[in-house]
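*Asks:* my_file27.txt (compact mmCIF, C-alpha atoms) pasted underneath:
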```txt
# COMPACT_ATOMS: atom_id res chain seq x y z
CA MET J 1 -20.01 -18.20 -88.95
CA ILE J 2 -16.98 -18.34 -86.65
CA TYR J 3 -14.58 -15.50 -87.38
CA LEU J 4 -10.98 -16.43 -86.54
CA ASP J 5 -9.14 -13.94 -88.74
CA SER J 6 -8.66 -10.93 -86.47
CA ALA J 7 -4.97 -10.60 -87.42
CA ALA J 8 -6.21 -9.64 -90.90
CA THR J 9 -8.89 -7.24 -89.66
CA SER J 10 -11.03 -7.05 -86.54
CA PHE J 11 -14.37 -7.97 -88.07
CA LEU J 12 -15.85 -8.30 -84.57
CA LYS J 13 -15.88 -4.66 -83.45
CA PRO J 14 -17.58 -2.91 -80.54
CA PRO J 15 -20.94 -1.39 -81.59
CA CYS J 16 -19.66 2.03 -80.53
CA VAL J 17 -17.23 2.05 -83.49
CA ALA J 18 -19.94 1.76 -86.14
CA GLN J 19 -22.08 4.27 -84.26
CA ALA J 20 -19.21 6.77 -84.18
CA VAL J 21 -18.66 6.45 -87.93
CA PHE J 22 -22.37 6.87 -88.63
CA GLU J 23 -22.61 9.97 -86.47
CA ALA J 24 -19.42 11.42 -88.00
CA MET J 25 -20.81 11.07 -91.51
CA ASN J 26 -23.74 13.21 -90.49
CA THR J 27 -21.92 15.80 -88.38
CA LEU J 28 -18.32 16.30 -89.55
CA GLY J 29 -16.90 18.49 -92.28
CA SER J 30 -13.31 18.63 -93.55
CA PRO J 31 -10.81 18.91 -90.69
CA GLY J 32 -8.46 21.87 -90.83
CA ARG J 33 -10.20 23.32 -93.88
CA GLY J 34 -12.26 26.15 -92.44
CA ALA J 35 -13.77 27.67 -89.30
CA HIS J 36 -17.46 26.83 -89.51
CA PRO J 37 -19.02 24.42 -87.00
CA LEU J 38 -18.72 21.27 -89.14
CA THR J 39 -15.00 21.71 -89.85
CA LEU J 40 -14.29 22.63 -86.25
CA ALA J 41 -16.13 19.51 -85.09
CA ALA J 42 -14.01 17.42 -87.46
CA SER J 43 -10.80 19.04 -86.25
CA ARG J 44 -11.73 18.38 -82.62
CA THR J 45 -12.48 14.73 -83.37
CA VAL J 46 -9.17 14.26 -85.17
CA TRP J 47 -7.26 15.92 -82.33
CA GLU J 48 -9.01 13.77 -79.72
CA CYS J 49 -8.01 10.73 -81.77
CA ARG J 50 -4.39 11.91 -81.77
CA GLU J 51 -4.52 12.29 -78.00
CA ALA J 52 -6.06 8.85 -77.47
CA VAL J 53 -3.57 7.10 -79.75
CA ALA J 54 -0.65 8.93 -78.14
CA GLN J 55 -1.77 7.86 -74.70
CA LEU J 56 -2.30 4.23 -75.69
CA LEU J 57 0.97 3.91 -77.62
CA GLY J 58 3.15 5.94 -75.27
CA ALA J 59 3.92 8.75 -77.73
CA ALA J 60 5.40 11.91 -76.24
CA ASP J 61 3.34 14.45 -78.18
CA PRO J 62 -0.14 14.04 -79.76
CA ALA J 63 0.84 16.58 -82.43
CA ARG J 64 3.40 14.07 -83.67
CA VAL J 65 0.78 11.36 -84.21
CA CYS J 66 0.30 11.58 -87.99
CA PHE J 67 -2.52 9.72 -89.70
CA THR J 68 -2.30 7.63 -92.87
CA PRO J 69 -4.72 5.18 -94.54
CA ASN J 70 -2.95 2.14 -93.04
CA SER J 71 0.35 0.88 -91.61
CA THR J 72 1.69 0.18 -95.12
CA ALA J 73 1.52 3.90 -95.90
CA ALA J 74 2.99 4.70 -92.49
CA LEU J 75 5.91 2.31 -92.98
CA ASN J 76 6.61 3.64 -96.46
CA THR J 77 6.58 7.16 -95.04
CA ALA J 78 8.99 6.25 -92.23
CA ILE J 79 11.37 4.13 -94.29
CA CYS J 80 11.54 6.42 -97.31
CA GLY J 81 11.60 9.50 -95.07
CA LEU J 82 14.62 8.38 -93.05
CA PHE J 83 16.82 6.30 -95.34
CA GLY J 84 18.44 6.65 -98.74
CA PRO J 85 21.38 5.64 -100.96
CA GLY J 86 24.56 4.88 -99.03
CA ASP J 87 22.73 4.15 -95.77
CA HIS J 88 22.80 0.71 -94.18
CA VAL J 89 19.59 -0.62 -92.63
CA ILE J 90 19.07 -3.77 -90.55
CA THR J 91 15.78 -5.65 -90.68
CA THR J 92 14.68 -9.25 -90.05
CA ALA J 93 13.32 -12.27 -91.87
CA VAL J 94 10.06 -12.11 -89.90
CA GLU J 95 8.88 -8.89 -91.51
CA HIS J 96 5.76 -8.19 -93.53
CA ASN J 97 6.14 -7.01 -97.13
CA SER J 98 5.11 -3.56 -95.93
CA VAL J 99 8.62 -3.38 -94.48
CA LEU J 100 10.51 -5.53 -96.97
CA ARG J 101 9.31 -4.04 -100.24
CA PRO J 102 10.08 -0.38 -99.42
CA LEU J 103 13.53 -1.52 -98.30
CA TYR J 104 14.03 -3.61 -101.44
CA ARG J 105 13.10 -0.62 -103.58
CA LEU J 106 15.58 1.59 -101.72
CA GLU J 107 18.19 -1.16 -102.09
CA GLU J 108 17.80 -0.89 -105.86
CA ARG J 109 18.68 2.79 -105.49
CA GLY J 110 21.82 2.24 -103.40
CA LEU J 111 20.68 1.38 -99.88
CA GLU J 112 22.65 -1.37 -98.15
CA LEU J 113 20.36 -3.91 -96.51
CA THR J 114 20.99 -6.67 -93.97
CA ILE J 115 18.18 -9.13 -93.21
CA LEU J 116 18.75 -11.04 -89.97
CA PRO J 117 17.80 -14.73 -90.24
CA ALA J 118 15.04 -16.44 -88.27
CA ASP J 119 15.37 -19.92 -86.79
CA ALA J 120 13.02 -22.84 -87.39
CA ARG J 121 10.54 -21.39 -84.87
CA GLY J 122 10.59 -18.00 -86.57
CA MET J 123 12.64 -16.43 -83.77
CA ILE J 124 15.31 -13.72 -84.13
CA CYS J 125 18.56 -13.70 -82.14
CA CYS J 126 19.00 -10.22 -80.66
CA GLU J 127 22.79 -10.61 -80.66
CA ASP J 128 22.65 -10.63 -84.46
CA PHE J 129 21.89 -6.90 -84.49
CA ALA J 130 25.31 -6.09 -83.05
CA ARG J 131 27.01 -8.46 -85.47
CA ALA J 132 25.29 -6.72 -88.40
CA LEU J 133 26.36 -3.21 -87.37
CA ARG J 134 28.44 -1.24 -89.88
CA PRO J 135 29.97 2.25 -89.85
CA ASN J 136 27.18 3.48 -92.15
CA THR J 137 24.32 1.77 -90.30
CA ARG J 138 21.51 4.30 -90.24
CA GLY J 139 18.66 2.36 -88.68
CA VAL J 140 16.78 -0.77 -87.68
CA VAL J 141 13.29 -1.63 -88.91
CA CYS J 142 11.35 -4.51 -87.35
CA ASN J 143 7.95 -5.59 -86.14
CA HIS J 144 6.86 -5.95 -82.54
CA ALA J 145 4.86 -9.13 -83.16
CA SER J 146 4.81 -11.51 -86.12
CA ASN J 147 1.62 -11.76 -88.14
CA VAL J 148 2.45 -15.41 -88.92
CA THR J 149 3.57 -16.93 -85.61
CA GLY J 150 2.51 -14.49 -82.92
CA ASN J 151 6.13 -14.37 -81.74
CA VAL J 152 7.09 -11.14 -79.98
CA LEU J 153 10.42 -9.38 -80.46
CA ASP J 154 12.21 -7.77 -77.52
CA VAL J 155 11.74 -4.24 -78.84
CA GLU J 156 13.00 -2.54 -75.70
CA ARG J 157 16.30 -4.42 -76.00
CA ILE J 158 16.53 -3.61 -79.70
CA GLY J 159 15.68 0.01 -78.93
CA ALA J 160 18.46 0.18 -76.35
CA PHE J 161 20.88 -1.13 -78.99
CA CYS J 162 19.74 1.58 -81.40
CA ARG J 163 20.14 4.33 -78.80
CA GLU J 164 23.61 3.07 -77.88
CA HIS J 165 24.76 3.28 -81.49
CA GLY J 166 22.84 6.40 -82.48
CA VAL J 167 20.69 4.84 -85.19
CA TYR J 168 17.00 5.21 -85.97
CA PHE J 169 14.54 2.59 -84.76
CA VAL J 170 11.33 2.07 -86.74
CA VAL J 171 8.82 -0.34 -85.18
CA ASP J 172 5.85 -1.92 -86.94
CA VAL J 173 3.15 -2.44 -84.29
CA SER J 174 0.42 -3.52 -86.71
CA GLN J 175 -0.12 -6.77 -84.80
CA SER J 176 0.53 -5.48 -81.27
CA ALA J 177 -1.17 -2.07 -80.98
CA GLY J 178 -4.16 -2.44 -78.69
CA VAL J 179 -3.07 -5.96 -77.77
CA LEU J 180 0.38 -5.84 -76.15
CA GLU J 181 1.82 -2.96 -74.18
CA VAL J 182 3.25 -0.51 -76.69
CA ASN J 183 5.20 2.40 -75.25
CA GLN J 184 7.14 4.37 -77.82
CA GLN J 185 9.14 6.25 -75.22
CA ALA J 186 10.06 3.14 -73.23
CA MET J 187 11.21 1.27 -76.33
CA GLY J 188 13.10 4.31 -77.60
CA ALA J 189 11.48 4.07 -81.02
CA SER J 190 12.13 6.84 -83.52
CA VAL J 191 8.89 6.01 -85.32
CA VAL J 192 6.05 3.65 -84.39
CA CYS J 193 3.81 2.64 -87.31
CA PHE J 194 0.29 1.38 -86.59
CA THR J 195 -2.90 0.39 -88.33
CA GLY J 196 -6.34 1.19 -87.00
CA HIS J 197 -8.41 -1.78 -88.17
CA LYS J 198 -6.78 -4.67 -86.28
CA GLY J 199 -6.16 -4.57 -82.52
CA LEU J 200 -7.24 -0.94 -82.23
CA LEU J 201 -10.72 -2.04 -83.37
CA GLY J 202 -11.21 0.91 -85.73
CA PRO J 203 -12.38 1.00 -89.35
CA GLN J 204 -10.27 0.06 -92.34
CA GLY J 205 -8.61 3.05 -93.98
CA THR J 206 -7.09 4.30 -90.73
CA GLY J 207 -3.55 4.12 -89.40
CA GLY J 208 -0.54 6.29 -88.84
CA LEU J 209 2.85 6.87 -87.33
CA CYS J 210 4.04 8.32 -84.04
CA VAL J 211 7.21 10.34 -84.63
CA ALA J 212 9.61 10.95 -81.74
CA PRO J 213 10.40 14.60 -80.94
CA ASN J 214 13.98 14.43 -82.20
CA VAL J 215 13.12 12.83 -85.56
CA THR J 216 12.53 14.59 -88.89
CA LEU J 217 10.99 12.74 -91.84
CA ARG J 218 10.94 13.68 -95.50
CA PRO J 219 7.25 13.56 -96.51
CA LEU J 220 6.28 10.77 -98.87
CA VAL J 221 3.33 12.72 -100.28
CA VAL J 222 2.90 16.50 -100.58
CA GLY J 223 -0.07 18.63 -101.52
CA GLY J 224 -2.94 20.31 -99.73
CA SER J 225 -2.40 20.82 -96.02
CA GLY J 226 -4.91 23.49 -95.01
CA VAL J 227 -2.06 25.78 -93.89
CA HIS J 228 0.65 27.87 -95.64
CA SER J 229 -1.16 27.46 -98.96
CA TYR J 230 0.95 30.15 -100.70
CA ASP J 231 4.24 28.33 -100.00
CA ARG J 232 5.75 26.29 -102.80
CA ARG J 233 6.97 23.72 -100.31
CA HIS J 234 4.79 21.47 -98.18
CA PRO J 235 4.78 22.61 -94.52
CA ALA J 236 7.41 20.92 -92.36
CA GLN J 237 5.68 21.05 -88.98
CA LEU J 238 3.80 18.00 -87.75
CA PRO J 239 1.25 16.66 -88.08
CA GLU J 240 0.48 18.54 -91.33
CA GLY J 241 3.92 17.74 -92.73
CA LEU J 242 3.01 14.06 -93.10
CA GLU J 243 -0.72 14.45 -93.79
CA ALA J 244 -1.14 15.79 -97.32
CA GLY J 245 -4.77 15.80 -98.43
CA THR J 246 -8.04 15.48 -96.55
CA LEU J 247 -7.96 13.13 -93.58
CA ASN J 248 -10.46 10.31 -93.15
CA ALA J 249 -12.30 12.08 -90.35
CA HIS J 250 -15.18 9.60 -90.43
CA GLY J 251 -12.81 6.68 -90.04
CA LEU J 252 -10.80 8.46 -87.36
CA ALA J 253 -14.01 9.01 -85.39
CA GLY J 254 -14.40 5.23 -85.44
CA LEU J 255 -10.76 4.73 -84.49
CA LEU J 256 -11.23 7.10 -81.56
CA ALA J 257 -14.20 5.02 -80.41
CA GLY J 258 -12.16 1.82 -80.73
CA VAL J 259 -9.25 3.19 -78.69
CA ARG J 260 -11.58 4.55 -76.03
CA TYR J 261 -13.26 1.15 -75.81
CA ILE J 262 -9.87 -0.50 -75.21
CA GLN J 263 -9.03 2.05 -72.53
CA GLU J 264 -12.39 1.60 -70.82
CA GLN J 265 -12.34 -2.20 -70.92
CA GLY J 266 -8.65 -2.42 -70.05
CA ARG J 267 -6.11 -3.56 -72.63
CA GLU J 268 -4.66 -6.14 -70.22
CA GLU J 269 -8.08 -7.68 -69.61
CA LEU J 270 -8.84 -7.93 -73.34
CA TYR J 271 -5.40 -9.46 -73.97
CA HIS J 272 -5.97 -12.00 -71.19
CA ARG J 273 -9.23 -13.12 -72.81
CA GLU J 274 -7.58 -13.49 -76.21
CA MET J 275 -4.75 -15.56 -74.76
CA GLU J 276 -7.14 -17.87 -72.93
CA LEU J 277 -8.83 -18.60 -76.24
CA SER J 278 -5.65 -19.09 -78.25
CA SER J 279 -4.09 -21.25 -75.53
CA ALA J 280 -7.17 -23.48 -75.48
CA PHE J 281 -6.97 -23.84 -79.26
CA ILE J 282 -3.26 -24.69 -79.10
CA GLN J 283 -3.81 -27.30 -76.41
CA GLY J 284 -6.62 -28.82 -78.43
CA VAL J 285 -4.99 -29.07 -81.85
CA ARG J 286 -1.48 -30.01 -80.70
CA LYS J 287 -2.92 -33.41 -79.74
CA VAL J 288 -4.32 -33.98 -83.25
CA ARG J 289 -2.41 -36.40 -85.46
CA GLY J 290 -0.67 -34.66 -88.33
CA VAL J 291 -0.92 -31.10 -86.96
CA THR J 292 2.25 -29.00 -87.05
CA LEU J 293 2.24 -25.76 -85.07
CA TYR J 294 4.61 -22.93 -85.95
CA GLY J 295 6.33 -20.38 -83.73
CA ASP J 296 7.02 -20.44 -80.02
CA VAL J 297 3.51 -21.37 -78.93
CA ASP J 298 4.56 -21.77 -75.29
CA ALA J 299 6.20 -18.36 -74.95
CA PRO J 300 5.01 -16.36 -71.92
CA GLU J 301 4.33 -13.36 -74.15
CA ARG J 302 2.87 -13.73 -77.60
CA THR J 303 -0.21 -12.63 -79.52
CA ALA J 304 -3.35 -14.67 -80.14
CA VAL J 305 -2.11 -15.78 -83.56
CA VAL J 306 -1.68 -19.51 -84.25
CA SER J 307 -0.44 -20.94 -87.55
CA PHE J 308 -0.56 -24.64 -88.36
CA ASN J 309 -0.64 -27.23 -91.11
CA LEU J 310 -2.29 -30.62 -91.48
CA GLY J 311 0.22 -33.13 -92.79
CA GLU J 312 1.34 -32.22 -96.30
CA GLU J 313 -2.06 -30.81 -97.31
CA ASP J 314 -1.98 -27.40 -98.97
CA ALA J 315 -2.93 -24.70 -96.46
CA GLY J 316 -5.35 -23.12 -98.93
CA VAL J 317 -7.29 -26.35 -99.26
CA VAL J 318 -7.58 -26.70 -95.47
CA ALA J 319 -8.74 -23.10 -95.08
CA ASP J 320 -11.32 -23.51 -97.86
CA VAL J 321 -12.78 -26.64 -96.25
CA LEU J 322 -12.88 -24.93 -92.85
CA ALA J 323 -14.83 -22.08 -94.41
CA GLN J 324 -17.15 -24.02 -96.73
CA GLU J 325 -17.99 -27.01 -94.53
CA PHE J 326 -17.59 -25.66 -91.01
CA GLY J 327 -18.21 -21.92 -91.40
CA ILE J 328 -14.83 -21.05 -89.87
CA CYS J 329 -12.99 -18.03 -91.29
CA THR J 330 -9.18 -18.33 -91.26
CA ARG J 331 -6.35 -17.15 -93.50
CA ALA J 332 -4.03 -19.37 -95.51
CA GLY J 333 -0.95 -18.79 -97.62
CA ALA J 334 2.16 -16.68 -97.13
CA HIS J 335 0.45 -13.87 -95.19
CA CYS J 336 2.56 -11.26 -97.04
CA ALA J 337 5.61 -12.40 -95.05
CA PRO J 338 7.61 -14.64 -97.41
CA LEU J 339 10.92 -14.82 -95.56
CA ILE J 340 9.52 -16.25 -92.34
CA HIS J 341 7.91 -19.04 -94.35
CA GLU J 342 11.35 -19.90 -95.71
CA ALA J 343 12.58 -20.20 -92.12
CA LEU J 344 9.58 -22.28 -91.08
CA GLY J 345 9.86 -24.54 -94.13
CA THR J 346 6.38 -23.64 -95.33
CA SER J 347 7.14 -21.75 -98.54
CA ARG J 348 5.51 -24.41 -100.72
CA GLN J 349 2.60 -25.31 -98.47
CA GLY J 350 1.87 -22.02 -96.78
CA ALA J 351 0.17 -22.16 -93.39
CA VAL J 352 -3.34 -21.89 -91.98
CA ARG J 353 -3.58 -18.99 -89.55
CA VAL J 354 -6.22 -18.60 -86.88
CA SER J 355 -6.27 -15.39 -84.87
CA PHE J 356 -8.55 -14.63 -81.98
CA SER J 357 -10.45 -11.62 -80.69
CA HIS J 358 -11.59 -11.13 -77.10
CA MET J 359 -15.10 -11.34 -78.58
CA ASN J 360 -14.65 -14.97 -79.60
CA THR J 361 -15.92 -17.67 -77.24
CA MET J 362 -14.69 -20.97 -75.85
CA GLU J 363 -17.53 -22.69 -77.69
CA GLU J 364 -16.13 -21.35 -80.95
CA VAL J 365 -12.67 -22.62 -79.97
CA LYS J 366 -14.15 -26.04 -79.25
CA ARG J 367 -15.87 -26.15 -82.64
CA ALA J 368 -12.66 -25.08 -84.39
CA VAL J 369 -10.65 -27.84 -82.69
CA GLU J 370 -13.31 -30.38 -83.61
CA ALA J 371 -13.17 -29.22 -87.22
CA VAL J 372 -9.39 -29.70 -87.32
CA GLU J 373 -9.81 -33.15 -85.78
CA GLU J 374 -12.37 -34.06 -88.43
CA LEU J 375 -10.09 -32.91 -91.25
CA ALA J 376 -7.18 -34.85 -89.76
CA ARG J 377 -9.24 -38.05 -89.80
CA ARG J 378 -9.81 -37.61 -93.52
CA LEU J 379 -6.10 -37.42 -94.39
```
Output the structure of this file as structure tokens.
*Replies:*
Amino acid sequence: MIYLDSAATSFLKPPCVAQAVFEAMNTLGSPGRGAHPLTLAASRTVWECREAVAQLLGAADPARVCFTPNSTAALNTAICGLFGPGDHVITTAVEHNSVLRPLYRLEERGLELTILPADARGMICCEDFARALRPNTRGVVCNHASNVTGNVLDVERIGAFCREHGVYFVVDVSQSAGVLEVNQQAMGASVVCFTGHKGLLGPQGTGGLCVAPNVTLRPLVVGGSGVHSYDRRHPAQLPEGLEAGTLNAHGLAGLLAGVRYIQEQGREELYHREMELSSAFIQGVRKVRGVTLYGDVDAPERTAVVSFNLGEEDAGVVADVLAQEFGICTRAGAHCAPLIHEALGTSRQGAVRVSFSHMNTMEEVKRAVEAVEELARRL
């Protein structure tokens, strides 16, 4: 099997991640729920994970790294915790449904929403943010890197715009955390939302949000917190304020191992390997008759995500053949990002997405290109 679906989840993980989860299941209790050795060990592991994530993502304070089951929960927490009826929010057509659907739901309740258009390459014009500004603009929500094209938004420029106009800036780094440089303080982001199971190499069921020191969020979920149990209201201080219920300490032990692996190996080095692989794939398939590539595949900064189609063939059919006949795992369809497919002209057909890990090899890239060539000959 050749696994080329790392943008969905990093199936190829360092062995230390699985080992950390196994050890945690045999040594950790419930974090923050007692003072015996097992709960204290769990609390220490969770805190070390906060520290590691804060360092990697440029967060100012580890105590403001709040864990959730995934970036969808983190984005819902940020969006619903900052915005409400009468507010105006700017987002883009390149967003995942984890951004769009919470905003659509708030729009039904009185939020005003502007969605900036994408061009035929799936690119956003940064000048459009200023043109969309209104007196009641409350914030901007956008991703750092597209899960469909690998295109990267200039988040530092967008962050500067938000600071200039005094609006919140929520950044979805699901596709960039652990891959690109992410520095919450440098980009001036109010909230950075991340998932643990993609570029951070952790287990599924992990993720969270880094909340800037000057930002207060209404909690999405309230309940047990381990502190102030006699209060009717959920505690306001972070991280407990955004972490109702028992944390996934076992998963966070794995996330900690994944982040430490990235730090030890060097994020830049891992990114360089991924880009060598994706560039080789791009150069190979762009010569194949009938292949259409999407996004700015020649951009100096992008992620190792490549989407393509073969003629007018349905993307799902191509992905199925790649899996069944060639043992190559890809993803086809709309990738939970419908508006960018409208911009790319692929709403009917979808697109086949390949996404690389630093653990893939050039031999696997060669076999994938050959498989695309073979399918093209059949059309």
*Asks:* Check which residues of region 155-190 of chain J sit at most 10 Å from region 60-67 of chain J using all atoms listed in the file, and return one row each with the closest pair of atoms and their distance in Å to one decimal, ordered by chain and rising number, as a tab-separated table.
*Replies:*
```
residue	atom	partner	partner_atom	distance
J:Asn183	CA	J:Ala60	CA	9.6
J:Gln184	CA	J:Ala60	CA	7.9
J:Gln185	CA	J:Ala60	CA	6.9
```
*Asks:* Can you list, as an MDAnalysis selection string, every protein, DNA or RNA residue that comes within 7 Å of His144 (chain J) when you count all atoms listed in the file, leaving out same-chain residues fewer than 3 positions away?
*Replies:* chainID J and resid 152:153 155 171:173 176
*Asks:* Could you please take those selected residues and save C-alpha atoms as a PDB file, keeping the file's coordinate frame?
*Replies:*
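What landed in out-v7.pdb:
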```pdb
ATOM      1  CA  VAL J 152       7.090 -11.140 -79.980  1.00  0.00           C
ATOM      2  CA  LEU J 153      10.420  -9.380 -80.460  1.00  0.00           C
ATOM      3  CA  VAL J 155      11.740  -4.240 -78.840  1.00  0.00           C
ATOM      4  CA  VAL J 171       8.820  -0.340 -85.180  1.00  0.00           C
ATOM      5  CA  ASP J 172       5.850  -1.920 -86.940  1.00  0.00           C
ATOM      6  CA  VAL J 173       3.150  -2.440 -84.290  1.00  0.00           C
ATOM      7  CA  SER J 176       0.530  -5.480 -81.270  1.00  0.00           C
TER       8      SER J 176
END
```
*Asks:* List the neighbours of Gly81 (chain J) out to 7 Å using only C-alpha atoms; skip same-chain residues closer than 6 positions along the sequence, and give me the result as a list in words.
*Replies:*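 That gives Leu217, Arg218, Pro219 and Leu220 of chain J.
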*Asks:* Could you please take those selected residues and save C-alpha atoms as a PDB file, keeping the file's coordinate frame?
*Replies:*
```pdb
ATOM      1  CA  LEU J 217      10.990  12.740 -91.840  1.00  0.00           C
ATOM      2  CA  ARG J 218      10.940  13.680 -95.500  1.00  0.00           C
ATOM      3  CA  PRO J 219       7.250  13.560 -96.510  1.00  0.00           C
ATOM      4  CA  LEU J 220       6.280  10.770 -98.870  1.00  0.00           C
TER       5      LEU J 220
END
```
*Asks:* Using only C-alpha atoms - which residues lie no farther than 12 Å from the point (3.9, 11.1, -82.8) in the file's frame? Write them as a ChimeraX atom specification.
*Replies:* /J:49-67,74,78,183-185,189-194,208-217,237-242
*Asks:* Keeping only C-alpha atoms, write the selected residues as a PDB file, in the coordinates of the input.
*Replies:*
```pdb
ATOM      1  CA  CYS J  49      -8.010  10.730 -81.770  1.00  0.00           C
ATOM      2  CA  ARG J  50      -4.390  11.910 -81.770  1.00  0.00           C
ATOM      3  CA  GLU J  51      -4.520  12.290 -78.000  1.00  0.00           C
ATOM      4  CA  ALA J  52      -6.060   8.850 -77.470  1.00  0.00           C
ATOM      5  CA  VAL J  53      -3.570   7.100 -79.750  1.00  0.00           C
ATOM      6  CA  ALA J  54      -0.650   8.930 -78.140  1.00  0.00           C
ATOM      7  CA  GLN J  55      -1.770   7.860 -74.700  1.00  0.00           C
ATOM      8  CA  LEU J  56      -2.300   4.230 -75.690  1.00  0.00           C
ATOM      9  CA  LEU J  57       0.970   3.910 -77.620  1.00  0.00           C
ATOM     10  CA  GLY J  58       3.150   5.940 -75.270  1.00  0.00           C
ATOM     11  CA  ALA J  59       3.920   8.750 -77.730  1.00  0.00           C
ATOM     12  CA  ALA J  60       5.400  11.910 -76.240  1.00  0.00           C
ATOM     13  CA  ASP J  61       3.340  14.450 -78.180  1.00  0.00           C
ATOM     14  CA  PRO J  62      -0.140  14.040 -79.760  1.00  0.00           C
ATOM     15  CA  ALA J  63       0.840  16.580 -82.430  1.00  0.00           C
ATOM     16  CA  ARG J  64       3.400  14.070 -83.670  1.00  0.00           C
ATOM     17  CA  VAL J  65       0.780  11.360 -84.210  1.00  0.00           C
ATOM     18  CA  CYS J  66       0.300  11.580 -87.990  1.00  0.00           C
ATOM     19  CA  PHE J  67      -2.520   9.720 -89.700  1.00  0.00           C
ATOM     20  CA  ALA J  74       2.990   4.700 -92.490  1.00  0.00           C
ATOM     21  CA  ALA J  78       8.990   6.250 -92.230  1.00  0.00           C
ATOM     22  CA  ASN J 183       5.200   2.400 -75.250  1.00  0.00           C
ATOM     23  CA  GLN J 184       7.140   4.370 -77.820  1.00  0.00           C
ATOM     24  CA  GLN J 185       9.140   6.250 -75.220  1.00  0.00           C
ATOM     25  CA  ALA J 189      11.480   4.070 -81.020  1.00  0.00           C
ATOM     26  CA  SER J 190      12.130   6.840 -83.520  1.00  0.00           C
ATOM     27  CA  VAL J 191       8.890   6.010 -85.320  1.00  0.00           C
ATOM     28  CA  VAL J 192       6.050   3.650 -84.390  1.00  0.00           C
ATOM     29  CA  CYS J 193       3.810   2.640 -87.310  1.00  0.00           C
ATOM     30  CA  PHE J 194       0.290   1.380 -86.590  1.00  0.00           C
ATOM     31  CA  GLY J 208      -0.540   6.290 -88.840  1.00  0.00           C
ATOM     32  CA  LEU J 209       2.850   6.870 -87.330  1.00  0.00           C
ATOM     33  CA  CYS J 210       4.040   8.320 -84.040  1.00  0.00           C
ATOM     34  CA  VAL J 211       7.210  10.340 -84.630  1.00  0.00           C
ATOM     35  CA  ALA J 212       9.610  10.950 -81.740  1.00  0.00           C
ATOM     36  CA  PRO J 213      10.400  14.600 -80.940  1.00  0.00           C
ATOM     37  CA  ASN J 214      13.980  14.430 -82.200  1.00  0.00           C
ATOM     38  CA  VAL J 215      13.120  12.830 -85.560  1.00  0.00           C
ATOM     39  CA  THR J 216      12.530  14.590 -88.890  1.00  0.00           C
ATOM     40  CA  LEU J 217      10.990  12.740 -91.840  1.00  0.00           C
ATOM     41  CA  GLN J 237       5.680  21.050 -88.980  1.00  0.00           C
ATOM     42  CA  LEU J 238       3.800  18.000 -87.750  1.00  0.00           C
ATOM     43  CA  PRO J 239       1.250  16.660 -88.080  1.00  0.00           C
ATOM     44  CA  GLU J 240       0.480  18.540 -91.330  1.00  0.00           C
ATOM     45  CA  GLY J 241       3.920  17.740 -92.730  1.00  0.00           C
ATOM     46  CA  LEU J 242       3.010  14.060 -93.100  1.00  0.00           C
TER      47      LEU J 242
END
```
*Asks:* In Å, rounded to a single decimal, give me how far CA of Ser357 (chain J) is from CA of Gln263 (chain J).
*Replies:*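 Distance reported for this atom pair: 16.0 Å.
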*Asks:* Kindly extract all protein, DNA and RNA residues lying within 7 Å of the coordinates (-20.5, -17.9, -89.4) given in the file, considering only C-alpha atoms, and supply them as a PyMOL selection string.
*Replies:* chain J and resi 1-3+327-328
*Asks:* Restricting the calculation to all atoms listed in the file: of J:Val317, J:Leu247, J:Ala120, J:Met275, which residue gets closest to Met359 (chain J)?
*Replies:* J:Met275
*Asks:* With all atoms listed in the file as the counted atoms, please give the residues lying no more than 6 Å from Ser6 (chain J), apart from itself and same-chain residues fewer than 3 positions off, as a list in words.
*Replies:*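 Within the cut-off, the hits are Thr9, Ser10, Ser355 and Phe356 of chain J.
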*Asks:* Residues of the last selection are to be written out with C-alpha atoms, as an mmCIF file, in the coordinates of the input.
*Replies:*
```cif
data_model
loop_
_atom_site.group_PDB
_atom_site.id
_atom_site.type_symbol
_atom_site.label_atom_id
_atom_site.label_comp_id
_atom_site.auth_asym_id
_atom_site.auth_seq_id
_atom_site.Cartn_x
_atom_site.Cartn_y
_atom_site.Cartn_z
ATOM 1 C CA THR J 9 -8.890 -7.240 -89.660
ATOM 2 C CA SER J 10 -11.030 -7.050 -86.540
ATOM 3 C CA SER J 355 -6.270 -15.390 -84.870
ATOM 4 C CA PHE J 356 -8.550 -14.630 -81.980
#
```
*Asks:* Would you mind listing what lies within 10 Å of Tyr294 (chain J) as a list in words, with only C-alpha atoms counted and same-chain residues fewer than 5 positions away left out?
*Replies:*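 What passes the distance filter is Ala120, Arg121, Gly122, Val148, Thr149, Gly150, Asn151, Val306, Ser307, Phe308, Asn309, His341, Leu344, Gly345, Thr346, Ala351 and Arg353 of chain J.
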*Asks:* Which is closest to Ala42 (chain J) among J:His250, J:His272, J:Arg138, J:Arg302, if we use only C-alpha atoms?
*Replies:*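 Of J:His250, J:His272, J:Arg138, J:Arg302, the one nearest Ala42 (chain J), counting only C-alpha atoms, is J:His250.
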*Asks:* Rounded to one decimal place, report the CA of Tyr271 (chain J)-CA of Val140 (chain J) distance in Å.
*Replies:*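 For CA of Tyr271 (chain J) relative to CA of Val140 (chain J), the distance reads 27.5 Å.
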*Asks:* Kindly indicate which residue among J:Val46, J:Val285, J:Ala337, J:Leu133 lies nearest to Leu28 (chain J), using all atoms listed in the file for the distances.
*Replies:* J:Val46
*Asks:* Record the distance separating CA of Ser347 (chain J) and CA of Thr72 (chain J), expressed in Å with one decimal.
*Replies:*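 Value for the CA of Ser347 (chain J)-CA of Thr72 (chain J) distance: 22.9 Å.
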